[in-house]
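Down below is the structure, laid out as structure tokens.
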Amino acid sequence: MFFINNLYYYGILIYGDSMKDKQFKNLDEQVEIFRHKGLTITDEEYTKDVLLRENYFFISGYRHLFMQKDNNKTYIEGATFEELYSLFLFDRQFRNIIFKNLLIVENNAKSIFSYQLSKKYGYKENDYLKPANFDTSPEKSRQVNDLIRKMKRQVRVNGSQHTATMHYISNYGYIPLWVLVKVLSFGIISEFYSILKPEDKLAIAKIYNIDVNNLSNYLSILANYRNVCAHEDILYENKTQKSINDTVYHILLGIDKENGEFTKGKNDLFALIIILRQVLSNADVKNLICELERLVDNLSMNLHSISINKVLDRMGFPLNWKEIANIEKRPYNSEE
């Protein structure tokens with residue numbers, strides 16, 4: 001137990017008088033804070049209306065590209081509230097597009113996994129959820145048992161909330177895996193792949209035409225981005241803890257290297273686009289790139305104090321990012 005500014009600390013930092021309280025500010029005061037920091041307010045009533053509907057805290061989270069390098073508390077000359085809000089709206093629309101495509105990937109994965117495993121292990125929980133059906137190495141034993149418990153818990157908690165699962169429970173007393181996946185999160189699906197037997201991982205990876213280790217990494221990253229989108233967190237500058245391996249797309253797009261490593265498309269948003277290029281159909285990829293192109297062009301028209309290239313750089317997008325839709329999918333052994 002620690003003693004800080006006359007307040008006890010039990011693993012949670014509690015600020016005392018040495019820290020300035022964050023007090024409520026009305027809309028007029030919020031506008032003045034922006035002005036004090038150098039942001040141009042051209043229409044005060046419009047600005048207050050946006051702040052009321054969207055929240056000062058959320059909008060100011062997009063300020064970083066508009067701040068001076070030597071003083072990150074002051075906006076660059078000419079930066080306007082409209083630009084700041086345009087980036088906010090851009091990220092919202094970008095998030096919606098990405099989320100829509102992640103749902104496609106999630107559905108595809110659930111369908112492929114359930115088909116492959118039902119074909120091999122049967123269609124009743126007591127059959128396909130046997131620990132012996134998964135990686136039997138000692139280091140995986142705890143993870144396998146934990147995940148099986150998670151899946152069974154998902155049935156108990158969510159089974160009655162979906163017509164299909166309720167139908168099978170009521171009429172047959174079991175839920176086939178191809179129905180069970182309806183109530184499983186993408187995170188569980190990602191972990192599910194990691195505990196499969198090596199031969200089952202390989203069979204699924206061949207369908208995607210992706211190396212087993214890469215696919216495992218991709219699924220984890222995709223599940224992470226699904227959570228980012230679902231919780232409406234800032235997306236465009238998001239970085240993942242995991243990086244993806246070098247691919248043919250890095251090479252053919254001519255992405256710059258620094259100290260032998262590609263500078264873009266490793267753990268940034270363009271890495272996500274590279275993954276989506278490999279797991280989505282060609283038609284879905286072309287639709288994705290077309291939607292993103294329109295969105296980027298629209299933001300470019302609304303920016304004046306900074307260039308669209310500054311935004312793309314923050315996202316990890318190379319200038320020729322749109323060309324990825326025209327690069328044919330390659331077998332995983334071409335990613336070496």
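Every chain in the structure tokens takes a letter, A first, then B, and so on in the order presented; its residues are numbered from 1, and the ligands are numbered from 1 following the presented order.
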
DSSP-assigned strand (DSSP E) members of stretch 43-225 of chain A, reported as a VMD selection string: chain A and resid 67 to 68 71 to 75

Nearby residues (only C-alpha atoms) at most 9 Å from stretch 35-47 of chain A, same-chain spacing under 3 positions excluded, as a list in words: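 Non-adjacent residues within range: Leu27, Asp28, Gln30, Val31, Glu32, Val50, Leu51, Leu52, Phe66, Lys73, Thr74, Tyr75, Ile76, Glu77, Gly78, Ala79, Thr80, Phe81 and Glu82 of chain A.
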
Those residues with N, CA and C atoms, as a tab-separated table (two decimals), in the first residue's frame please?
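Saved file result-v1.tsv follows:
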```tsv
chain	number	residue	atom	x	y	z
A	27	LEU	N	-20.25	24.48	-24.21
A	27	LEU	CA	-19.89	24.54	-25.63
A	27	LEU	C	-19.08	25.78	-25.98
A	28	ASP	N	-19.46	26.91	-25.40
A	28	ASP	CA	-18.70	28.15	-25.65
A	28	ASP	C	-17.26	28.00	-25.17
A	30	GLN	N	-15.60	25.18	-24.82
A	30	GLN	CA	-14.92	24.21	-25.67
A	30	GLN	C	-14.41	24.88	-26.94
A	31	VAL	N	-15.22	25.75	-27.53
A	31	VAL	CA	-14.81	26.48	-28.72
A	31	VAL	C	-13.60	27.36	-28.41
A	32	GLU	N	-13.64	28.01	-27.26
A	32	GLU	CA	-12.52	28.88	-26.87
A	32	GLU	C	-11.24	28.09	-26.64
A	50	VAL	N	-21.78	20.64	-33.78
A	50	VAL	CA	-21.02	19.41	-33.97
A	50	VAL	C	-20.50	18.88	-32.64
A	51	LEU	N	-19.99	19.78	-31.81
A	51	LEU	CA	-19.45	19.37	-30.51
A	51	LEU	C	-20.53	18.76	-29.62
A	52	LEU	N	-21.73	19.32	-29.71
A	52	LEU	CA	-22.83	18.78	-28.92
A	52	LEU	C	-23.18	17.36	-29.36
A	66	PHE	N	-2.59	17.76	-37.09
A	66	PHE	CA	-2.74	19.20	-37.27
A	66	PHE	C	-1.94	20.00	-36.23
A	73	LYS	N	0.88	21.21	-28.45
A	73	LYS	CA	-0.33	21.77	-27.84
A	73	LYS	C	-0.92	22.89	-28.70
A	74	THR	N	-0.26	23.18	-29.81
A	74	THR	CA	-0.70	24.28	-30.68
A	74	THR	C	-0.91	23.77	-32.10
A	75	TYR	N	-2.03	24.17	-32.70
A	75	TYR	CA	-2.33	23.75	-34.06
A	75	TYR	C	-1.46	24.49	-35.07
A	76	ILE	N	-1.21	23.86	-36.20
A	76	ILE	CA	-0.43	24.51	-37.26
A	76	ILE	C	-1.25	25.66	-37.83
A	77	GLU	N	-0.55	26.61	-38.43
A	77	GLU	CA	-1.21	27.79	-38.98
A	77	GLU	C	-2.18	27.39	-40.08
A	78	GLY	N	-3.41	27.92	-40.01
A	78	GLY	CA	-4.40	27.66	-41.03
A	78	GLY	C	-5.28	26.45	-40.79
A	79	ALA	N	-4.97	25.64	-39.78
A	79	ALA	CA	-5.80	24.47	-39.49
A	79	ALA	C	-7.18	24.91	-39.02
A	80	THR	N	-8.22	24.28	-39.54
A	80	THR	CA	-9.59	24.68	-39.22
A	80	THR	C	-10.34	23.54	-38.53
A	81	PHE	N	-11.40	23.91	-37.85
A	81	PHE	CA	-12.25	22.91	-37.21
A	81	PHE	C	-12.87	22.00	-38.26
A	82	GLU	N	-13.22	22.56	-39.42
A	82	GLU	CA	-13.82	21.76	-40.48
A	82	GLU	C	-12.88	20.64	-40.94
```

Would you kindly return, as a VMD selection string, each protein, DNA or RNA residue with an atom no farther than 10 Å from any atom of A:Asn245, considering only C-alpha atoms and excluding same-chain residues fewer than 6 positions away? chain A and resid 213 to 214 217 to 218 262 265 to 267 271 335 to 336

Please, what distance in Å, to one decimal, runs between atom CA of A:Ser118 and atom CA of A:Leu202? 15.8 Å

Go through A:Leu215, A:Ile221, A:Cys229, A:Leu269 and flag the residue nearest A:Ala203, using only C-alpha atoms for the distances.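 Smallest distance to A:Ala203 is found for A:Leu215.
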
Which residues come within 12 Å of stretch 308-311 of chain A, counting only C-alpha atoms, excluding same-chain residues fewer than 6 positions away, as an NGL selection string? :A and (62-66 or 83-84 or 86-88 or 90-91 or 235-237 or 269 or 293 or 295-302 or 317-321)

Go ahead and save the residues from that selection, with C-alpha atoms, as a PDB file, in the first residue's frame.
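Everything below was put into again.pdb:
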```
ATOM      1  CA  TYR A  62      -7.889  13.457 -34.298  1.00  0.00           C
ATOM      2  CA  ARG A  63      -5.808  16.574 -33.641  1.00  0.00           C
ATOM      3  CA  HIS A  64      -2.323  15.056 -33.906  1.00  0.00           C
ATOM      4  CA  LEU A  65      -1.770  15.545 -37.642  1.00  0.00           C
ATOM      5  CA  PHE A  66      -2.741  19.205 -37.265  1.00  0.00           C
ATOM      6  CA  GLU A  83     -10.609  19.902 -41.371  1.00  0.00           C
ATOM      7  CA  LEU A  84     -10.449  18.293 -37.953  1.00  0.00           C
ATOM      8  CA  SER A  86     -13.476  15.932 -41.799  1.00  0.00           C
ATOM      9  CA  LEU A  87     -10.749  13.597 -40.539  1.00  0.00           C
ATOM     10  CA  PHE A  88     -13.097  12.441 -37.765  1.00  0.00           C
ATOM     11  CA  PHE A  90     -13.283  10.041 -42.665  1.00  0.00           C
ATOM     12  CA  ASP A  91     -12.224   7.647 -39.934  1.00  0.00           C
ATOM     13  CA  LEU A 235      -8.772   3.318 -36.754  1.00  0.00           C
ATOM     14  CA  TYR A 236      -6.693   5.209 -39.313  1.00  0.00           C
ATOM     15  CA  GLU A 237      -3.546   5.420 -37.172  1.00  0.00           C
ATOM     16  CA  LEU A 269      -3.552  -0.189 -41.452  1.00  0.00           C
ATOM     17  CA  GLU A 293     -10.480   5.478 -53.069  1.00  0.00           C
ATOM     18  CA  LEU A 295     -13.302   8.150 -49.351  1.00  0.00           C
ATOM     19  CA  VAL A 296      -9.661   9.232 -49.609  1.00  0.00           C
ATOM     20  CA  ASP A 297     -10.450  11.549 -52.551  1.00  0.00           C
ATOM     21  CA  ASN A 298     -13.258  13.166 -50.580  1.00  0.00           C
ATOM     22  CA  LEU A 299     -11.016  13.807 -47.578  1.00  0.00           C
ATOM     23  CA  SER A 300      -8.328  15.222 -49.861  1.00  0.00           C
ATOM     24  CA  MET A 301     -10.776  17.878 -51.108  1.00  0.00           C
ATOM     25  CA  ASN A 302     -11.574  18.885 -47.510  1.00  0.00           C
ATOM     26  CA  PHE A 317      -0.406   3.501 -47.077  1.00  0.00           C
ATOM     27  CA  PRO A 318       2.143   3.845 -49.886  1.00  0.00           C
ATOM     28  CA  LEU A 319       1.241   6.387 -52.571  1.00  0.00           C
ATOM     29  CA  ASN A 320       0.399   3.573 -55.017  1.00  0.00           C
ATOM     30  CA  TRP A 321      -1.774   1.704 -52.498  1.00  0.00           C
TER      31      TRP A 321
END
```

Could you pull out the helix (DSSP H, G or I) residues of stretch 255-298 of chain A from DSSP and send them as a list in words?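 Helix (DSSP H, G or I) members of stretch 255-298 of chain A, listed: Leu269, Phe270, Ala271, Leu272, Ile273, Ile274, Ile275, Leu276, Arg277, Gln278, Val279, Asn282, Ala283, Asp284, Val285, Lys286, Asn287, Leu288, Ile289, Cys290, Glu291, Leu292, Glu293, Arg294, Leu295, Val296, Asp297 and Asn298 of chain A.
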
Restrict the selected residues to N, CA and C atoms and save them as a short mmCIF file (atom, residue, chain, number, x, y, z; two decimals), in the first residue's frame.
```
data_model
loop_
_atom_site.label_atom_id
_atom_site.label_comp_id
_atom_site.auth_asym_id
_atom_site.auth_seq_id
_atom_site.Cartn_x
_atom_site.Cartn_y
_atom_site.Cartn_z
N LEU A 269 -2.28 0.08 -40.78
CA LEU A 269 -3.55 -0.19 -41.45
C LEU A 269 -3.35 -0.80 -42.84
N PHE A 270 -2.23 -0.49 -43.49
CA PHE A 270 -2.01 -1.10 -44.79
C PHE A 270 -1.70 -2.59 -44.66
N ALA A 271 -1.13 -2.99 -43.53
CA ALA A 271 -0.94 -4.42 -43.27
C ALA A 271 -2.29 -5.12 -43.25
N LEU A 272 -3.30 -4.46 -42.69
CA LEU A 272 -4.65 -5.01 -42.69
C LEU A 272 -5.17 -5.14 -44.12
N ILE A 273 -4.91 -4.13 -44.96
CA ILE A 273 -5.35 -4.19 -46.35
C ILE A 273 -4.67 -5.36 -47.07
N ILE A 274 -3.40 -5.59 -46.78
CA ILE A 274 -2.68 -6.73 -47.39
C ILE A 274 -3.32 -8.04 -46.97
N ILE A 275 -3.68 -8.15 -45.70
CA ILE A 275 -4.35 -9.37 -45.22
C ILE A 275 -5.69 -9.55 -45.93
N LEU A 276 -6.47 -8.48 -46.00
CA LEU A 276 -7.77 -8.56 -46.65
C LEU A 276 -7.62 -8.94 -48.12
N ARG A 277 -6.55 -8.45 -48.75
CA ARG A 277 -6.30 -8.82 -50.15
C ARG A 277 -6.16 -10.32 -50.28
N GLN A 278 -5.62 -10.97 -49.29
CA GLN A 278 -5.34 -12.40 -49.38
C GLN A 278 -6.51 -13.28 -48.93
N VAL A 279 -7.42 -12.73 -48.12
CA VAL A 279 -8.50 -13.58 -47.60
C VAL A 279 -9.86 -13.29 -48.22
N ASN A 282 -11.61 -11.76 -55.12
CA ASN A 282 -11.15 -10.66 -55.99
C ASN A 282 -12.22 -9.58 -56.13
N ALA A 283 -13.47 -10.00 -56.24
CA ALA A 283 -14.57 -9.03 -56.39
C ALA A 283 -14.71 -8.18 -55.13
N ASP A 284 -14.62 -8.81 -53.96
CA ASP A 284 -14.73 -8.06 -52.71
C ASP A 284 -13.57 -7.08 -52.55
N VAL A 285 -12.39 -7.50 -52.96
CA VAL A 285 -11.21 -6.62 -52.86
C VAL A 285 -11.38 -5.39 -53.75
N LYS A 286 -11.84 -5.60 -54.96
CA LYS A 286 -12.03 -4.47 -55.88
C LYS A 286 -13.07 -3.49 -55.34
N ASN A 287 -14.14 -4.02 -54.77
CA ASN A 287 -15.15 -3.15 -54.16
C ASN A 287 -14.56 -2.39 -52.98
N LEU A 288 -13.76 -3.07 -52.17
CA LEU A 288 -13.12 -2.44 -51.02
C LEU A 288 -12.23 -1.28 -51.45
N ILE A 289 -11.37 -1.52 -52.43
CA ILE A 289 -10.44 -0.48 -52.88
C ILE A 289 -11.18 0.68 -53.52
N CYS A 290 -12.24 0.40 -54.27
CA CYS A 290 -13.03 1.48 -54.89
C CYS A 290 -13.67 2.35 -53.83
N GLU A 291 -14.23 1.75 -52.80
CA GLU A 291 -14.85 2.51 -51.72
C GLU A 291 -13.82 3.36 -50.98
N LEU A 292 -12.66 2.77 -50.72
CA LEU A 292 -11.61 3.51 -50.01
C LEU A 292 -11.07 4.65 -50.86
N GLU A 293 -10.97 4.43 -52.17
CA GLU A 293 -10.48 5.48 -53.07
C GLU A 293 -11.41 6.69 -53.05
N ARG A 294 -12.71 6.45 -53.12
CA ARG A 294 -13.67 7.55 -53.07
C ARG A 294 -13.57 8.30 -51.74
N LEU A 295 -13.38 7.55 -50.69
CA LEU A 295 -13.30 8.15 -49.35
C LEU A 295 -12.05 9.01 -49.21
N VAL A 296 -10.92 8.49 -49.68
CA VAL A 296 -9.66 9.23 -49.61
C VAL A 296 -9.75 10.49 -50.46
N ASP A 297 -10.32 10.38 -51.66
CA ASP A 297 -10.45 11.55 -52.55
C ASP A 297 -11.32 12.63 -51.90
N ASN A 298 -12.37 12.21 -51.25
CA ASN A 298 -13.26 13.17 -50.58
C ASN A 298 -12.54 13.89 -49.45
#
```

Tell me, as a PyMOL selection string, which residues lie within 12 Å of stretch 123-126 of chain A, counting only C-alpha atoms; anything in the same chain fewer than 5 positions away does not count. chain A and resi 114-118+131-133+148-149+151-152+155+168-169+172-181

Kindly export the residues of the current selection with C-alpha atoms, as a PDB file, in the first residue's frame.
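Final output, result_11.pdb:
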```pdb
ATOM      1  CA  SER A 114     -17.145 -25.723 -39.515  1.00  0.00           C
ATOM      2  CA  TYR A 115     -17.233 -27.541 -42.873  1.00  0.00           C
ATOM      3  CA  GLN A 116     -13.724 -28.972 -42.554  1.00  0.00           C
ATOM      4  CA  LEU A 117     -14.086 -30.057 -38.936  1.00  0.00           C
ATOM      5  CA  SER A 118     -17.649 -31.378 -39.177  1.00  0.00           C
ATOM      6  CA  PRO A 131     -10.033 -32.570 -26.522  1.00  0.00           C
ATOM      7  CA  ALA A 132      -8.461 -35.398 -28.536  1.00  0.00           C
ATOM      8  CA  ASN A 133      -9.578 -33.666 -31.730  1.00  0.00           C
ATOM      9  CA  ILE A 148     -13.710 -25.803 -25.166  1.00  0.00           C
ATOM     10  CA  ARG A 149     -15.155 -24.362 -21.945  1.00  0.00           C
ATOM     11  CA  MET A 151     -17.356 -22.470 -26.550  1.00  0.00           C
ATOM     12  CA  LYS A 152     -19.725 -24.391 -24.306  1.00  0.00           C
ATOM     13  CA  VAL A 155     -23.865 -21.989 -26.121  1.00  0.00           C
ATOM     14  CA  TYR A 168     -31.421 -27.405 -32.681  1.00  0.00           C
ATOM     15  CA  ILE A 169     -31.332 -27.337 -28.883  1.00  0.00           C
ATOM     16  CA  TYR A 172     -32.433 -32.300 -31.424  1.00  0.00           C
ATOM     17  CA  GLY A 173     -30.641 -31.650 -28.142  1.00  0.00           C
ATOM     18  CA  TYR A 174     -27.382 -30.685 -29.818  1.00  0.00           C
ATOM     19  CA  ILE A 175     -25.948 -27.914 -31.994  1.00  0.00           C
ATOM     20  CA  PRO A 176     -23.913 -28.765 -35.123  1.00  0.00           C
ATOM     21  CA  LEU A 177     -20.664 -26.861 -35.449  1.00  0.00           C
ATOM     22  CA  TRP A 178     -21.928 -25.084 -38.581  1.00  0.00           C
ATOM     23  CA  VAL A 179     -24.704 -23.631 -36.407  1.00  0.00           C
ATOM     24  CA  LEU A 180     -22.623 -23.155 -33.255  1.00  0.00           C
ATOM     25  CA  VAL A 181     -20.253 -20.772 -35.054  1.00  0.00           C
TER      26      VAL A 181
END
```

Using only C-alpha atoms, can you tell me which of A:Arg53, A:Phe58, A:Ile112, A:Leu102 comes closest to A:Tyr208?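 Distance minimum relative to A:Tyr208 lands on A:Ile112.
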
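The gap separating atom CA of A:Lys242 from atom CA of A:Lys197 is 23.1 Å, in Å to one decimal.
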
Just give me the gap between atom CA of A:Arg92 and atom CA of A:Phe186 in Å, one decimal is fine. 21.3 Å

Counting only C-alpha atoms, what is within 12 Å of A:Glu191, bar same-chain residues fewer than 2 positions away, as a PyMOL selection string? chain A and resi 134+140+143-144+146-148+150-151+184-189+193-196+201+215-224
